[in-house]
Every structure is written in structure tokens, then in C-alpha cells.
file data-v2.cif (mmCIF, C-alpha atoms and all ligand atoms)
data_query
#
loop_
_atom_site.label_atom_id
_atom_site.label_comp_id
_atom_site.auth_asym_id
_atom_site.auth_seq_id
_atom_site.Cartn_x
_atom_site.Cartn_y
_atom_site.Cartn_z
CA MET A 288 40.09 -114.36 61.17
CA THR A 289 39.93 -110.83 59.74
CA ALA A 290 43.21 -109.64 58.25
CA THR A 291 44.95 -106.81 60.05
CA LEU A 292 45.33 -103.57 58.13
CA PRO A 293 49.09 -104.10 57.62
CA ASP A 294 48.43 -107.62 56.29
CA LEU A 295 45.66 -106.38 54.00
CA ALA A 296 47.92 -103.59 52.74
CA ALA A 297 50.60 -106.13 51.86
CA THR A 298 48.07 -108.36 50.10
CA LEU A 299 46.60 -105.49 48.08
CA ASN A 300 50.08 -104.28 47.20
CA GLY A 301 50.83 -107.65 45.65
CA GLU A 302 47.59 -107.64 43.70
CA PHE A 303 47.68 -104.07 42.41
CA ALA A 304 50.31 -104.63 39.71
CA GLY A 305 47.89 -106.79 37.74
CA LEU A 306 44.93 -104.44 38.03
CA THR A 307 43.76 -101.32 36.21
CA PRO A 308 43.43 -98.08 38.21
CA LEU A 309 39.64 -98.54 38.33
CA GLU A 310 40.02 -102.12 39.56
CA ARG A 311 42.43 -100.89 42.23
CA LEU A 312 39.88 -98.37 43.46
CA GLN A 313 37.18 -101.03 43.42
CA ALA A 314 39.46 -103.36 45.39
CA MET A 315 39.99 -100.71 48.06
CA VAL A 316 36.24 -100.22 48.40
CA ALA A 317 35.51 -103.94 48.51
CA ARG A 318 38.30 -105.04 50.83
CA VAL A 319 38.91 -102.19 53.24
CA ASP A 320 36.49 -102.33 56.15
CA GLY A 321 35.63 -98.68 56.72
CA PRO A 322 35.43 -95.34 54.95
CA VAL A 323 37.83 -94.70 52.07
CA VAL A 324 38.86 -91.10 51.40
CA PHE A 325 40.53 -89.62 48.33
CA THR A 326 42.31 -86.32 48.88
CA THR A 327 42.64 -84.36 45.65
CA SER A 328 44.83 -81.38 44.86
CA LEU A 329 43.03 -81.11 41.50
CA GLY A 330 46.26 -81.87 39.61
CA ILE A 331 46.02 -83.97 36.47
CA GLU A 332 46.68 -87.26 38.30
CA ASP A 333 44.00 -86.47 40.84
CA GLN A 334 41.55 -85.42 38.15
CA MET A 335 41.91 -88.86 36.57
CA ILE A 336 41.15 -90.53 39.89
CA THR A 337 38.22 -88.19 40.56
CA HIS A 338 36.86 -89.08 37.11
CA LEU A 339 37.09 -92.80 37.89
CA ILE A 340 35.38 -92.37 41.26
CA PHE A 341 32.56 -90.11 40.09
CA SER A 342 31.95 -91.83 36.73
CA ASN A 343 31.65 -95.21 38.40
CA ASP A 344 29.78 -93.94 41.45
CA LEU A 345 32.32 -95.46 43.82
CA PRO A 346 31.62 -94.92 47.54
CA ILE A 347 34.84 -93.00 48.08
CA GLN A 348 34.74 -89.57 49.74
CA VAL A 349 36.52 -86.96 47.59
CA LYS A 350 38.01 -84.12 49.63
CA THR A 351 40.36 -81.23 48.96
CA LEU A 352 42.42 -79.01 51.23
CA ASP A 353 41.55 -75.40 50.48
CA THR A 354 44.53 -73.55 51.91
CA GLY A 355 43.07 -70.20 50.90
CA ARG A 356 46.12 -69.60 48.71
CA LEU A 357 45.22 -71.64 45.63
CA PHE A 358 45.41 -70.33 42.06
CA PRO A 359 42.22 -68.86 40.51
CA GLU A 360 42.59 -71.56 37.84
CA THR A 361 42.40 -74.24 40.52
CA TYR A 362 39.16 -72.83 41.94
CA ALA A 363 37.74 -72.64 38.40
CA LEU A 364 38.65 -76.30 37.85
CA TRP A 365 37.05 -77.26 41.17
CA ARG A 366 33.78 -75.66 40.08
CA GLU A 367 34.00 -77.14 36.57
CA THR A 368 34.58 -80.62 37.97
CA GLU A 369 31.59 -80.44 40.30
CA GLU A 370 29.40 -79.19 37.45
CA LYS A 371 30.56 -81.94 35.07
CA TYR A 372 30.00 -84.85 37.43
CA GLY A 373 27.20 -83.45 39.55
CA ARG A 374 29.08 -84.40 42.69
CA ARG A 375 30.56 -82.31 45.48
CA ILE A 376 34.27 -82.22 46.30
CA ARG A 377 34.26 -81.68 50.03
CA ALA A 378 36.38 -78.77 51.25
CA MET A 379 38.62 -78.88 54.30
CA TYR A 380 39.69 -75.51 55.69
CA PRO A 381 42.32 -74.38 58.18
CA GLN A 382 41.13 -73.67 61.70
CA ALA A 383 40.28 -69.94 61.79
CA GLU A 384 42.01 -69.13 65.08
CA ALA A 385 45.19 -70.99 64.17
CA LEU A 386 45.30 -69.23 60.81
CA GLU A 387 44.82 -65.82 62.37
CA GLU A 388 47.60 -66.53 64.84
CA LEU A 389 49.91 -67.77 62.07
CA VAL A 390 49.43 -64.72 59.83
CA ASN A 391 49.59 -62.25 62.70
CA ASP A 392 52.77 -63.88 63.95
CA GLN A 393 54.83 -64.38 60.78
CA GLY A 394 53.10 -62.24 58.16
CA ILE A 395 50.86 -63.07 55.23
CA ASP A 396 53.77 -64.37 53.10
CA GLY A 397 56.08 -65.37 55.93
CA PHE A 398 56.89 -68.68 54.27
CA TYR A 399 59.47 -66.98 52.04
CA TYR A 400 61.61 -65.86 54.95
CA ALA A 401 62.44 -68.97 56.96
CA PRO A 402 62.01 -72.73 56.47
CA GLU A 403 60.24 -73.04 59.80
CA PHE A 404 57.77 -70.32 58.78
CA ARG A 405 57.01 -72.34 55.66
CA LYS A 406 56.50 -75.48 57.70
CA ASN A 407 54.26 -73.54 60.09
CA CYS A 408 52.11 -72.36 57.18
CA CYS A 409 51.85 -75.84 55.63
CA GLY A 410 51.09 -77.19 59.08
CA VAL A 411 48.14 -74.87 59.66
CA ARG A 412 46.81 -74.72 56.09
CA LYS A 413 47.39 -78.33 55.01
CA VAL A 414 48.58 -80.86 57.56
CA GLU A 415 46.05 -80.17 60.30
CA PRO A 416 43.09 -80.12 57.86
CA LEU A 417 44.38 -83.35 56.28
CA GLY A 418 44.24 -84.99 59.70
CA ARG A 419 40.57 -84.04 59.98
CA ALA A 420 39.91 -85.13 56.38
CA LEU A 421 41.23 -88.59 57.21
CA ALA A 422 39.74 -88.89 60.68
CA GLY A 423 37.81 -92.14 60.92
CA ALA A 424 38.99 -93.36 57.51
CA ALA A 425 40.35 -96.87 57.04
CA GLY A 426 41.67 -96.22 53.52
CA TRP A 427 43.36 -93.24 51.89
CA ILE A 428 43.70 -92.83 48.13
CA THR A 429 46.42 -90.56 46.72
CA GLY A 430 47.59 -89.65 43.22
CA LEU A 431 51.30 -90.29 43.80
CA ARG A 432 53.28 -91.53 40.79
CA ARG A 433 56.47 -93.53 40.77
CA ASP A 434 58.18 -91.35 38.16
CA GLN A 435 57.43 -88.00 39.81
CA SER A 436 60.96 -88.15 41.18
CA ALA A 437 63.92 -90.49 40.96
CA ASN A 438 63.63 -91.77 44.49
CA ARG A 439 60.01 -92.88 44.47
CA SER A 440 60.92 -96.09 42.67
CA ASP A 441 61.00 -98.19 45.83
CA MET A 442 57.64 -97.02 47.17
CA ASP A 443 54.70 -99.42 47.15
CA TYR A 444 51.31 -99.30 45.45
CA VAL A 445 49.72 -99.90 48.82
CA ALA A 446 51.19 -99.52 52.30
CA PHE A 447 50.02 -99.39 55.87
CA ASP A 448 50.37 -95.83 57.16
CA GLY A 449 51.29 -96.58 60.73
CA ALA A 450 51.23 -92.94 61.80
CA ARG A 451 47.60 -92.54 60.71
CA GLY A 452 46.49 -96.12 61.22
CA LEU A 453 45.08 -96.63 57.74
CA ILE A 454 45.81 -98.20 54.37
CA LYS A 455 47.29 -95.78 51.87
CA ALA A 456 46.90 -96.68 48.20
CA ASN A 457 48.37 -95.11 45.09
CA PRO A 458 46.19 -96.44 42.22
CA ILE A 459 48.06 -94.69 39.39
CA PHE A 460 51.50 -95.23 40.87
CA ASP A 461 52.82 -96.95 37.71
CA TRP A 462 51.25 -94.54 35.23
CA THR A 463 53.38 -91.92 33.50
CA ARG A 464 52.29 -88.32 33.18
CA GLU A 465 51.99 -88.78 29.41
CA ARG A 466 49.70 -91.77 29.80
CA ILE A 467 47.53 -89.87 32.26
CA ALA A 468 47.38 -86.88 29.91
CA SER A 469 46.23 -89.17 27.09
CA PHE A 470 43.57 -90.65 29.37
CA THR A 471 42.23 -87.27 30.48
CA ALA A 472 42.23 -85.89 26.91
CA ALA A 473 40.45 -88.93 25.48
CA GLY A 474 37.89 -88.98 28.29
CA GLY A 475 37.14 -85.27 28.35
CA VAL A 476 38.37 -85.03 31.94
CA PRO A 477 38.78 -81.37 32.99
CA VAL A 478 42.33 -80.40 33.93
CA ASN A 479 43.97 -77.29 35.35
CA ALA A 480 44.61 -74.65 32.65
CA LEU A 481 48.00 -73.98 34.26
CA HIS A 482 49.36 -77.37 33.16
CA ALA A 483 49.54 -75.97 29.60
CA GLN A 484 51.76 -73.16 30.92
CA ASN A 485 54.44 -75.49 32.31
CA PHE A 486 53.01 -75.68 35.81
CA LEU A 487 53.28 -79.46 36.00
CA SER A 488 52.90 -79.80 39.77
CA ILE A 489 50.46 -77.26 41.18
CA GLY A 490 50.07 -76.30 44.81
CA CYS A 491 49.52 -72.93 46.49
CA ALA A 492 49.97 -69.93 44.18
CA PRO A 493 52.78 -68.18 46.10
CA CYS A 494 54.71 -71.45 46.42
CA THR A 495 54.45 -72.72 42.84
CA ARG A 496 56.15 -71.53 39.66
CA ALA A 497 56.29 -72.87 36.11
CA ILE A 498 59.22 -75.15 35.43
CA ARG A 499 61.88 -74.43 32.84
CA PRO A 500 62.92 -76.83 30.05
CA GLY A 501 64.87 -79.74 31.49
CA GLU A 502 63.82 -79.16 35.09
CA PRO A 503 62.24 -81.99 37.11
CA GLU A 504 58.46 -82.02 37.32
CA ARG A 505 58.35 -80.79 40.92
CA ALA A 506 61.10 -78.16 40.63
CA GLY A 507 58.50 -75.39 40.73
CA ARG A 508 57.35 -76.23 44.27
CA TRP A 509 59.00 -74.20 47.10
CA TRP A 510 61.77 -73.44 44.61
CA TRP A 511 63.55 -71.02 46.95
CA GLU A 512 64.25 -73.70 49.54
CA GLU A 513 67.14 -76.16 49.65
CA GLU A 514 66.02 -79.39 48.00
CA THR A 515 66.58 -81.41 51.16
CA LYS A 516 64.35 -79.08 53.20
CA ARG A 517 61.28 -79.36 50.98
CA GLU A 518 59.04 -81.41 53.20
CA CYS A 519 55.33 -80.96 52.61
CA GLY A 520 54.19 -82.79 55.71
CA LEU A 521 51.23 -84.51 54.04
CA HIS A 522 53.04 -87.79 53.57
CA VAL A 523 54.72 -89.21 56.64
CA ASP A 524 56.65 -92.35 57.49
CA ASP A 525 55.53 -94.93 60.05
CA ASP A 526 56.89 -92.82 62.88
CA GLY A 527 54.97 -89.76 61.76
CA ARG A 528 58.05 -88.00 60.37
CA PRO A 529 57.39 -85.84 57.30
CA MET A 530 58.56 -87.17 53.95
CA ARG A 531 60.61 -84.88 51.75
CA ALA A 532 58.39 -83.20 49.18
CA ASP A 533 60.74 -84.00 46.35
CA ASN A 534 61.08 -87.70 46.90
CA ASN A 535 58.71 -88.72 49.69
CA ARG A 536 61.58 -89.99 51.85
CA PRO A 537 62.01 -89.02 55.50
CA ALA A 538 63.46 -85.53 55.65
FE1 LIG P 601 51.50 -72.00 52.97
FE2 LIG P 601 52.91 -72.23 50.72
FE3 LIG P 601 52.48 -74.36 52.31
FE4 LIG P 601 50.50 -73.27 50.85
S1 LIG P 601 52.35 -74.34 50.09
S2 LIG P 601 50.35 -73.95 52.93
S3 LIG P 601 51.00 -71.06 51.01
S4 LIG P 601 53.69 -72.51 52.77
#

call {"tool": "encode", "arguments": {"input": "data-v2.cif", "output": "C-alpha cells", "more": "lines below"}}
Ligand code: SF4
result
Amino acid sequence: MTATLPDLAATLNGEFAGLTPLERLQAMVARVDGPVVFTTSLGIEDQMITHLIFSNDLPIQVKTLDTGRLFPETYALWRETEEKYGRRIRAMYPQAEALEELVNDQGIDGFYYAPEFRKNCCGVRKVEPLGRALAGAAGWITGLRRDQSANRSDMDYVAFDGARGLIKANPIFDWTRERIASFTAAGGVPVNALHAQNFLSIGCAPCTRAIRPGEPERAGRWWWEEETKRECGLHVDDDGRPMRADNNRPA
């Protein structure tokens, strides 16, 4: 009898601890019956995963959400990465009509003025395109790391995403930022020039700032909002509720 996706997720989760990141990606391809998609934000973690996929010619679709508000450095890295590996990173864009309505309704930078405006913007520019990026997929690869925040420690390597009906895997979950930086430097993997300017976690330009000494890695994301309100909407719990951006817990 074929294992259900929740059962397969639990099995893979148990196996992942003993595997390398490449072996984890290979296991997803071999064991998940259906398309596997990797969504990259072009951050250093995601660049490592992209390198593993492209260098080993893994049949994993690599997609990115172009919100239209990314840093010039991020677009430059996107181009550089495609040129280096000779592979396309597929772009997902907001729906034109929804975006026009959003901007006409709340202003081009409305996200600064009210939490719901920010959620509206992330909804149109990120969450809806992510849904299309994952449509039809059976597996979803992300670059989440356990030590990105204190409360990610009880997350799993692999889990069944009940809201989206697919297996979500975090192949570098147990890797530190330092270890990833060593990997990318040694392997000549292109990384965002902004990382060297204390932008450790990079999202949209108007919603990301450099962090100051001693601040947590993700402190530069939506810095003007209360910490408990920083939900990005990309990662949801089994009931489809957004996880908080800072710790991936239900908001
Ligand atoms: Fe909009 Fe900022 Fe969210 Fe990007 S991060 S989609 S600019 S609110």
C-alpha cells in the first residue's frame, strides 16, 4: 500500500537527521510521488539549495516570488545565478488587477501605515503567487533554519502541510548561518551583496533594513511592527493560519 503524504513526511523526518542536505533533496525527489518545488528568496540559505539542485541536475522546479519591490542587488544576484548555472529560476508575479487595486486603494507604500495594509500587500505580492507556485506540487523545499529564531527549535525537518496538501521539507534546517557561509564561499556560490552590509535576512527593499550589532538575524524585517504582528503569510499551520514571521508559530 502506498504511504499517505503525512506518513511519508513522518518517515522522511526521521531519516533526515542522518543525511546530508544533498541526500535530503535526493530523498524528496525519489520518494515524493509528484512535482517537487523549491521557492527561493535568493538569500544565502536558498542560494546553497539552488546550488545543490542545479549542480546535481535534480528534477526540482526552482521558483521565486518577484514582488516588484526587491532590492537591485537581489535582481543582480538572480541574473548572476542563472548565468552561472545555465538554468532558469522561474518567476511568479502578482496578479496585475489585484496589484492595481491594492496600490490604488492603500497607496504605493501603504504597508507602513497599518498592519492590515502590510498584510494586504504581502497577500497580493507574495501569498497569492506562492499558492500558484505550489499548485500541483506534492513536495515543497524551503531554506528555513532552526537557529533563525529561538522558537524554531521544535519544528521538524519534514512535515505534512495540511493547508496546502503537500510535504514541506527543510533540508538545511540543522545548518548554522556560519556553516552555510563557509559552504557558499568554498563552492563559489553567488550570494547577495547586501549580506556583507549586515542585511542578514533579505526581503522586499522597503520592508528590510540592516541589523545592528547584537540584534537577532531577522530584526531587520518589518522592523516598525510589533514583534507579535510580524506574520509573513508564506508559512501556515495545518489550519491555514499564518505563522509569525519571527518564529514561524501561529500568530
Ligand atoms: Fe509588500 Fe513589504 Fe510584504 Fe513586500 S514585504 S509584499 S513590499 S508589505

call {"tool": "atom_distance", "arguments": {"input": "data-v2.cif", "atom1": "atom CA of A:Asn391", "atom2": "atom CA of A:Pro359"}}
result
24.3 Å

call {"tool": "residues_around", "arguments": {"input": "data-v2.cif", "residues": "A:Phe460", "least_positions_apart": "5", "cutoff": "9 Å", "atoms": "all atoms listed in the file", "output": "list in words"}}
result
Pro308, Gly430, Leu431, Arg432, Arg433, Asp434, Met442, Asp443 and Tyr444 of chain A

call {"tool": "closest_residue", "arguments": {"input": "data-v2.cif", "among": "A:Asp333, A:Glu302, A:Asp320, A:Asp448", "to": "A:Thr471", "atoms": "only C-alpha atoms"}}
result
A:Asp333

call {"tool": "closest_residue", "arguments": {"input": "data-v2.cif", "among": "A:Lys455, A:Ala317, A:Gln435, A:Ile331", "to": "A:Glu504", "atoms": "only C-alpha atoms"}}
result
A:Gln435

call {"tool": "residues_around", "arguments": {"input": "data-v2.cif", "residues": "stretch 392-399 of chain A", "least_positions_apart": "2", "cutoff": "9 Å", "atoms": "only C-alpha atoms", "output": "compact mmCIF listing (two decimals) with C-alpha atoms, in the coordinates of the input"}}
result
# COMPACT_ATOMS: atom_id res chain seq x y z
CA GLU A 387 44.82 -65.82 62.37
CA GLU A 388 47.60 -66.53 64.84
CA LEU A 389 49.91 -67.77 62.07
CA VAL A 390 49.43 -64.72 59.83
CA ALA A 401 62.44 -68.97 56.96
CA PRO A 402 62.01 -72.73 56.47
CA GLU A 403 60.24 -73.04 59.80
CA PHE A 404 57.77 -70.32 58.78
CA ARG A 405 57.01 -72.34 55.66
CA LYS A 406 56.50 -75.48 57.70
CA ASN A 407 54.26 -73.54 60.09
CA CYS A 408 52.11 -72.36 57.18
CA CYS A 409 51.85 -75.84 55.63
CA PRO A 493 52.78 -68.18 46.10
CA CYS A 494 54.71 -71.45 46.42
CA TRP A 509 59.00 -74.20 47.10
CA TRP A 511 63.55 -71.02 46.95
CA GLU A 512 64.25 -73.70 49.54

call {"tool": "closest_residue", "arguments": {"input": "data-v2.cif", "among": "A:Arg366, A:His338, A:Arg451, A:Arg508", "to": "ligand LIG 601 (chain P)", "atoms": "all atoms listed in the file"}}
result
A:Arg508

call {"tool": "axis_aligned_box", "arguments": {"input": "data-v2.cif", "around": "stretch 303-308 of chain A", "padding_each_side": "3 Å", "output": "lines of an AutoDock Vina configuration file"}}
result
center_x = 46.9
center_y = -102.4
center_z = 39.3
size_x = 12.9
size_y = 14.7
size_z = 12.2

call {"tool": "closest_residue", "arguments": {"input": "data-v2.cif", "among": "A:Pro293, A:Gly452, A:Pro346, A:Gly355", "to": "ligand LIG 601 (chain P)", "atoms": "all atoms listed in the file"}}
result
A:Gly355

call {"tool": "closest_residue", "arguments": {"input": "data-v2.cif", "among": "A:Ile454, A:Phe470, A:Leu306, A:Thr337", "to": "A:Gly423", "atoms": "all atoms listed in the file"}}
result
A:Ile454

call {"tool": "atom_distance", "arguments": {"input": "data-v2.cif", "atom1": "atom CA of A:His522", "atom2": "atom CA of A:Asp353"}}
result
17.2 Å

call {"tool": "closest_residue", "arguments": {"input": "data-v2.cif", "among": "A:Ile489, A:Gly474, A:Thr354, A:Arg466", "to": "ligand LIG 601 (chain P)", "atoms": "only C-alpha atoms and all ligand atoms"}}
result
A:Thr354

call {"tool": "atom_distance", "arguments": {"input": "data-v2.cif", "atom1": "atom CA of A:Leu299", "atom2": "atom CA of A:Ala446"}}
result
8.6 Å

call {"tool": "residues_around", "arguments": {"input": "data-v2.cif", "residues": "A:Ile336", "least_positions_apart": "5", "cutoff": "12 Å", "atoms": "only C-alpha atoms", "output": "PyMOL selection string"}}
result
chain A and resi 307-313+324-331+341-345+347-349+428-431+456-460+462+467+470-471+476-478

call {"tool": "residues_around", "arguments": {"input": "data-v2.cif", "residues": "A:Ala480", "least_positions_apart": "6", "cutoff": "9 Å", "atoms": "all atoms listed in the file", "output": "VMD selection string"}}
result
chain A and resid 360 to 361 364

call {"tool": "residues_around", "arguments": {"input": "data-v2.cif", "residues": "A:Arg375", "least_positions_apart": "6", "cutoff": "9 Å", "atoms": "all atoms listed in the file", "output": "PyMOL selection string"}}
result
chain A and resi 349-350+368-369
